[in-house]
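I have placed the structure first, in the form of structure tokens, so that the comments after it can refer back to it.
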Amino acid sequence: MKKKKLKGIGGWLVLPTIGLVLGVLLYFLAFLIFVLLLMMEGPTPLAIFGTFIGILFTILSSYLLYIEFKERKEFPMYFIGYMWLSIVTLVIFSFLTETNPAEFVANFIVAIIWTVYFQKSVRVKNTFVK
């Protein structure tokens with residue numbers, strides 16, 4: 001019996017792909033919400049930062065999807081950076097909204113798991129080679 005080579009966007013790699021698709025939609029929605037907040041309350045630090053992050057992460061998520069489907073070799077490294085940037089963003093938001101940063105421990109653990117996956121996975125190594 002011939003062993004199937006792990007390659008392509010399949011297996012566990014589908015989950016980050018779904019996350020990026022949802023990210024494009026949700027970050028764009030967040031951008032719109034923060035623009036409304038800017039118009040209603042004026043330029044508060046939260047509204048300015050939220051607007052900037054909403055558009056930044058909409059663009060980043062879209063670009064990551066593009067290079068993922070093109071199977072570019074940069075995708076794993078960029079995706080890892082994207083995850084850790086989102087953790088830093090959550091911590092900054094926690095200070096702006098006076099939320100306890102400890103509430104983001106789950107996000108931190110998920111980022112560690114996906115970082116290890118993207119560094120060790122045979123499927124990732126076989127897929128992103130262009």
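Here's how to read the names in the structure tokens: chain A, B, ... by the order shown, residue numbers from 1 in each chain, ligand numbers from 1 in the order shown.
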Near region 110-126 of chain A, within 10 Å and counting only C-alpha atoms, which residues show up once chain neighbours fewer than 4 positions away are dropped, as a list in words?
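My reading of the contact set: Lys5, Leu6, Lys7, Gly8, Ile9, Gly10, Gly11, Trp12, Leu13, Pro16, Glu71, Lys73, Phe75, Pro76, Met77, Phe79, Ile80, Gly81, Tyr82, Met83, Trp84, Ser86, Ile87, Val105 and Ala106 of chain A.
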As an MDAnalysis selection string, please: all residues of region 5-127 of chain A that backbone DSSP puts in helix (DSSP H, G or I).
chainID A and resid 11:41 45:69 75:96 101:120 122:127
Selected residue of minimal separation from Leu46 (chain A) among A:Thr127, A:Asn107, A:Thr17, A:Thr97, counting only C-alpha atoms:
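Ranking A:Thr127, A:Asn107, A:Thr17, A:Thr97 by distance to Leu46 (chain A), first place goes to A:Thr97.
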Set the distance at 12 Å and use only C-alpha atoms: which residues neighbour Leu96 (chain A) once local chain neighbours fewer than 5 positions away are removed? I'd like the list as a list in words.
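The neighbour list is Thr44, Pro45, Leu46, Ala47, Ile48, Phe49, Gly50, Thr89, Leu90, Val91 and Pro101 of chain A.
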Show which residues sit within 12 Å of region 27-40 of chain A, as a VMD selection string. Count only C-alpha atoms, and ignore same-chain residues fewer than 2 positions away.
chain A and resid 19 to 25 42 to 62 86
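Atom pair CA of Lys130 (chain A) / CA of Glu68 (chain A): separated by 10.4 Å.
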Just how far from CA of Val88 (chain A) is CA of Val14 (chain A), in Å to one decimal?
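Straight-line distance from CA of Val14 (chain A) to CA of Val88 (chain A) works out to 24.3 Å.
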Straight-line distance linking CA of Leu85 (chain A) with CA of Phe69 (chain A), stated in Å to one decimal:
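For CA of Leu85 (chain A) relative to CA of Phe69 (chain A), the distance reads 21.6 Å.
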